[in-house]
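Data file: structure-v7.cif. Format and content: mmCIF, C-alpha atoms.
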```cif
data_model
#
loop_
_atom_site.label_atom_id
_atom_site.label_comp_id
_atom_site.auth_asym_id
_atom_site.auth_seq_id
_atom_site.Cartn_x
_atom_site.Cartn_y
_atom_site.Cartn_z
CA MET L 134 98.00 105.44 69.75
CA ASP L 135 101.27 107.12 70.69
CA ASP L 136 99.42 110.35 71.39
CA SER L 137 96.77 108.55 73.43
CA ILE L 138 99.39 106.89 75.59
CA GLU L 139 101.22 110.18 76.15
CA GLU L 140 97.93 111.82 77.12
CA LEU L 141 97.25 109.02 79.59
CA GLU L 142 100.69 109.46 81.11
CA GLY L 143 99.83 113.11 81.71
CA LEU L 144 96.49 112.23 83.28
CA LEU L 145 98.02 109.75 85.71
CA PHE L 146 98.83 112.43 88.24
CA ALA L 147 95.43 114.13 88.11
CA ALA L 148 94.01 114.63 91.55
CA GLY L 149 90.39 113.56 91.03
CA ARG L 150 88.96 110.08 91.35
CA ARG L 151 87.03 110.45 88.10
CA GLU L 152 90.24 111.07 86.19
CA ILE L 153 91.81 107.94 87.66
CA GLU L 154 88.83 105.82 86.63
CA ALA L 155 88.90 107.39 83.16
CA VAL L 156 92.62 106.62 82.87
CA GLN L 157 92.02 103.01 83.84
CA ARG L 158 89.24 102.61 81.30
CA ARG L 159 91.30 104.18 78.54
CA VAL L 160 94.37 102.10 79.40
CA PHE L 161 92.38 98.89 79.17
CA ALA L 162 90.75 100.02 75.91
CA LEU L 163 94.18 100.82 74.46
CA ARG L 164 95.54 97.51 75.65
CA LYS L 165 92.63 95.72 73.98
CA SER L 166 93.23 97.62 70.73
CA LEU L 167 96.92 96.72 70.82
CA VAL L 168 96.11 93.05 71.37
CA GLN L 169 93.80 93.11 68.34
CA LEU L 170 96.45 94.85 66.25
CA ARG L 171 99.04 92.31 67.35
CA ARG L 172 96.70 89.46 66.37
CA VAL L 173 96.57 90.90 62.86
CA MET L 174 100.26 91.78 62.53
CA LEU L 175 101.88 88.54 63.72
CA PRO L 176 100.16 86.23 61.22
CA MET L 177 100.70 88.78 58.44
CA ARG L 178 104.44 88.63 59.05
CA GLU L 179 104.41 84.87 58.58
CA VAL L 180 102.23 85.08 55.48
CA VAL L 181 104.45 87.62 53.73
CA ASN L 182 107.57 85.73 54.79
CA GLY L 183 106.09 82.50 53.42
CA LEU L 184 105.26 84.14 50.10
CA MET L 185 108.81 85.42 49.74
CA ARG L 186 110.57 82.08 50.25
CA PRO L 187 112.97 81.62 47.36
CA GLY L 188 112.18 77.95 46.71
CA LEU L 189 108.45 78.42 46.23
CA HIS L 190 108.63 80.85 43.26
CA LEU L 191 105.22 82.36 44.10
CA ILE L 192 106.44 85.89 43.45
CA THR L 193 108.06 86.99 40.23
CA ASP L 194 111.42 88.73 40.41
CA PRO L 195 110.09 92.22 39.54
CA LEU L 196 107.66 92.05 42.52
CA VAL L 197 110.23 90.91 45.11
CA PRO L 198 111.25 94.48 46.14
CA TYR L 199 107.62 95.37 46.72
CA TYR L 200 107.01 92.32 48.85
CA GLN L 201 110.25 93.03 50.72
CA ASP L 202 108.94 96.53 51.39
CA VAL L 203 105.64 95.12 52.68
CA TYR L 204 107.57 92.69 54.89
CA ASP L 205 109.67 95.55 56.29
CA HIS L 206 106.51 97.52 57.07
CA VAL L 207 104.98 94.51 58.79
CA LEU L 208 108.13 94.05 60.89
CA ARG L 209 108.18 97.73 61.81
CA ALA L 210 104.49 97.67 62.73
CA THR L 211 105.02 94.56 64.84
CA GLU L 212 107.92 96.14 66.72
CA TRP L 213 105.92 99.35 67.16
CA THR L 214 103.01 97.35 68.58
CA GLU L 215 105.33 95.61 71.04
CA SER L 216 106.81 98.91 72.19
CA LEU L 217 103.32 100.36 72.64
CA ARG L 218 102.33 97.33 74.68
CA ASP L 219 105.34 97.98 76.91
CA LEU L 220 104.29 101.62 77.28
CA VAL L 221 100.73 100.65 78.19
CA ALA L 222 102.07 98.18 80.76
CA SER L 223 104.25 100.96 82.14
CA VAL L 224 101.23 103.28 82.37
CA MET L 225 99.30 100.58 84.20
CA GLU L 226 102.15 100.00 86.66
CA THR L 227 102.54 103.73 87.23
CA ASN L 228 98.81 104.03 87.84
CA LEU L 229 99.02 101.29 90.46
CA SER L 230 102.01 103.01 92.07
CA VAL L 231 100.17 106.34 92.20
CA GLN L 232 97.17 104.66 93.81
CA ALA L 233 99.41 102.89 96.34
CA ASN L 234 101.10 106.19 97.22
CA ARG L 235 97.73 107.88 97.73
CA MET L 236 96.61 104.98 99.89
CA ASN L 237 99.78 105.29 101.99
CA LEU L 238 99.11 108.98 102.56
CA ILE L 239 95.54 108.24 103.63
CA MET L 240 96.73 105.46 105.94
CA LYS L 241 99.24 107.81 107.58
CA LYS L 242 96.47 110.31 108.29
CA VAL L 243 94.08 107.68 109.62
CA THR L 244 96.80 106.18 111.81
CA SER L 245 97.73 109.60 113.18
CA TRP L 246 94.15 110.42 114.10
CA ALA L 247 93.70 106.96 115.63
CA ALA L 248 96.77 107.52 117.83
CA ILE L 249 95.47 110.92 118.91
CA ILE L 250 92.05 109.49 119.72
CA ALA L 251 93.61 106.55 121.59
CA VAL L 252 95.14 108.84 124.23
CA PRO L 253 91.81 110.06 125.67
CA ALA L 254 90.39 106.52 125.44
CA VAL L 255 93.28 105.08 127.47
CA ILE L 256 93.24 107.81 130.11
CA THR L 257 89.48 107.86 130.57
CA GLY L 258 89.52 104.08 130.68
CA TYR L 259 92.10 104.15 133.47
CA TYR L 260 90.32 106.86 135.43
CA GLY L 261 86.98 105.19 134.80
CA GLN L 262 87.96 102.06 136.71
CA ASN L 263 86.39 101.37 140.08
CA LEU L 264 89.83 101.42 141.67
CA PRO L 265 91.32 104.26 143.60
CA TYR L 266 93.71 106.40 141.57
CA PRO L 267 95.64 109.57 142.38
CA GLY L 268 93.01 112.20 143.02
CA PHE L 269 90.14 109.69 143.38
CA GLY L 270 86.94 111.36 144.56
CA ARG L 271 88.39 114.86 144.24
CA GLN L 272 88.13 117.57 141.64
CA SER L 273 91.93 117.58 141.21
CA GLY L 274 91.74 114.05 139.73
CA PHE L 275 89.34 115.22 137.03
CA ILE L 276 91.45 118.29 136.28
CA THR L 277 94.64 116.17 136.14
CA SER L 278 93.14 113.61 133.79
CA SER L 279 91.69 116.34 131.55
CA ALA L 280 95.02 118.17 131.46
CA VAL L 281 96.93 114.98 130.62
CA ILE L 282 94.45 114.23 127.81
CA VAL L 283 94.78 117.71 126.33
CA VAL L 284 98.58 117.86 126.64
CA LEU L 285 99.25 114.40 125.23
CA SER L 286 96.75 114.88 122.39
CA ALA L 287 98.30 118.25 121.54
CA VAL L 288 101.82 116.78 121.61
CA LEU L 289 100.78 113.94 119.30
CA TYR L 290 98.98 116.36 116.99
CA LEU L 291 102.00 118.65 116.74
CA THR L 292 104.36 115.70 116.25
CA PHE L 293 102.28 114.25 113.43
CA LYS L 294 101.79 117.70 111.90
CA ARG L 295 105.57 118.29 111.95
CA LYS L 296 106.17 114.91 110.26
CA ASP L 297 103.56 115.88 107.65
CA TRP L 298 101.25 113.02 108.52
CA LEU L 299 98.30 115.34 109.02
#
```

Here is the file; what I need is its structure written in the form of structure tokens.
Amino acid sequence: MDDSIEELEGLLFAAGRREIEAVQRRVFALRKSLVQLRRVMLPMREVVNGLMRPGLHLITDPLVPYYQDVYDHVLRATEWTESLRDLVASVMETNLSVQANRMNLIMKKVTSWAAIIAVPAVITGYYGQNLPYPGFGRQSGFITSSAVIVVLSAVLYLTFKRKDWL
């Protein structure tokens, strides 16, 4: 289980969507296995502890060290299971963080392109009104609006490219 969790930690930063889905499936399968193991280990600890109570005299003195050894193994396995559960929870949280970071990068790109596309929409909307505007009815108005669209779109593109949003 330790090796499986370490392998999952390595797969978390894989680029493909299939790897992410595989990591999620394996994390939930590991978590389920750990829950089953915990269900077995916790009652076993109580059973062995109950058998070893000094007042009950269920175990003869020569067998006490063996039962103590079993109890120590049960305690160690219980602690190991708890630490693995913490690791699996950490893998799940890291997976969610990686997905959130990827989503933020996608949102930055979409927002940048939306801002670039908004410039021509605003300018053509203004020049498309039935109101007189500078250059109304002349070719210079069309050239001015086209130049403003190209310049502003290029400025936004370069700005977003420089900020690494595109």

Expected answer as a PDB file with C-alpha atoms, keeping the file's coordinate frame: all residues with atoms within 12 Å of (92.8, 111.3, 80.8), only C-alpha atoms:
```
ATOM      1  CA  ASP L 136      99.420 110.350  71.390  1.00  0.00           C
ATOM      2  CA  SER L 137      96.770 108.550  73.430  1.00  0.00           C
ATOM      3  CA  ILE L 138      99.390 106.890  75.590  1.00  0.00           C
ATOM      4  CA  GLU L 139     101.220 110.180  76.150  1.00  0.00           C
ATOM      5  CA  GLU L 140      97.930 111.820  77.120  1.00  0.00           C
ATOM      6  CA  LEU L 141      97.250 109.020  79.590  1.00  0.00           C
ATOM      7  CA  GLU L 142     100.690 109.460  81.110  1.00  0.00           C
ATOM      8  CA  GLY L 143      99.830 113.110  81.710  1.00  0.00           C
ATOM      9  CA  LEU L 144      96.490 112.230  83.280  1.00  0.00           C
ATOM     10  CA  LEU L 145      98.020 109.750  85.710  1.00  0.00           C
ATOM     11  CA  PHE L 146      98.830 112.430  88.240  1.00  0.00           C
ATOM     12  CA  ALA L 147      95.430 114.130  88.110  1.00  0.00           C
ATOM     13  CA  ALA L 148      94.010 114.630  91.550  1.00  0.00           C
ATOM     14  CA  GLY L 149      90.390 113.560  91.030  1.00  0.00           C
ATOM     15  CA  ARG L 150      88.960 110.080  91.350  1.00  0.00           C
ATOM     16  CA  ARG L 151      87.030 110.450  88.100  1.00  0.00           C
ATOM     17  CA  GLU L 152      90.240 111.070  86.190  1.00  0.00           C
ATOM     18  CA  ILE L 153      91.810 107.940  87.660  1.00  0.00           C
ATOM     19  CA  GLU L 154      88.830 105.820  86.630  1.00  0.00           C
ATOM     20  CA  ALA L 155      88.900 107.390  83.160  1.00  0.00           C
ATOM     21  CA  VAL L 156      92.620 106.620  82.870  1.00  0.00           C
ATOM     22  CA  GLN L 157      92.020 103.010  83.840  1.00  0.00           C
ATOM     23  CA  ARG L 158      89.240 102.610  81.300  1.00  0.00           C
ATOM     24  CA  ARG L 159      91.300 104.180  78.540  1.00  0.00           C
ATOM     25  CA  VAL L 160      94.370 102.100  79.400  1.00  0.00           C
ATOM     26  CA  VAL L 224     101.230 103.280  82.370  1.00  0.00           C
ATOM     27  CA  ASN L 228      98.810 104.030  87.840  1.00  0.00           C
TER      28      ASN L 228
END
```

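CA of Ala222 in chain L lies 26.0 Å from CA of Glu179 in chain L.
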
(Q) With all atoms listed in the file as the counted atoms, please give the residues lying no more than 12 Å from range 203-208 of chain L, apart from itself and same-chain residues fewer than 2 positions off, as a list in words. (A) Leu170, Arg171, Val173, Met174, Leu175, Pro176, Met177, Arg178, Glu179, Val180, Val181, Asn182, Gly183, Leu184, Met185, Arg186, Leu196, Val197, Pro198, Tyr199, Tyr200, Gln201, Ala210, Thr211, Glu212, Trp213, Thr214 and Glu215 of chain L

Q.
What's the separation between CA of Phe293 in chain L and CA of Ile249 in chain L, in Å to one decimal place?
A. 9.4 Å

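Listed by chain and then by number, the residues chosen by the PyMOL selection byres ((chain L and resi 236-244) around 12) in this file are L:Leu229, L:Ser230, L:Val231, L:Gln232, L:Ala233, L:Asn234, L:Arg235, L:Ser245, L:Trp246, L:Ala247, L:Ala248, L:Ile249, L:Ile250, L:Ala251, L:Leu289, L:Tyr290, L:Phe293, L:Lys294, L:Lys296, L:Asp297, L:Trp298, L:Leu299.
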
Q | Of the listed residues L:Ala162, L:Arg271, L:Leu167, L:Thr277, that which approaches Asp219 in chain L most closely, counting only C-alpha atoms | A | L:Leu167

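From CA of Leu291 in chain L back to CA of Phe275 in chain L, the distance works out to 24.2 Å.
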
Q: Starting from the point (97.7, 99.4, 73.6), work out which residues of protein, DNA or RNA have an atom no more than 6 Å away when counting all atoms listed in the file; state them as a ChimeraX atom specification.
A: /L:163-164,166-167,217-218,221
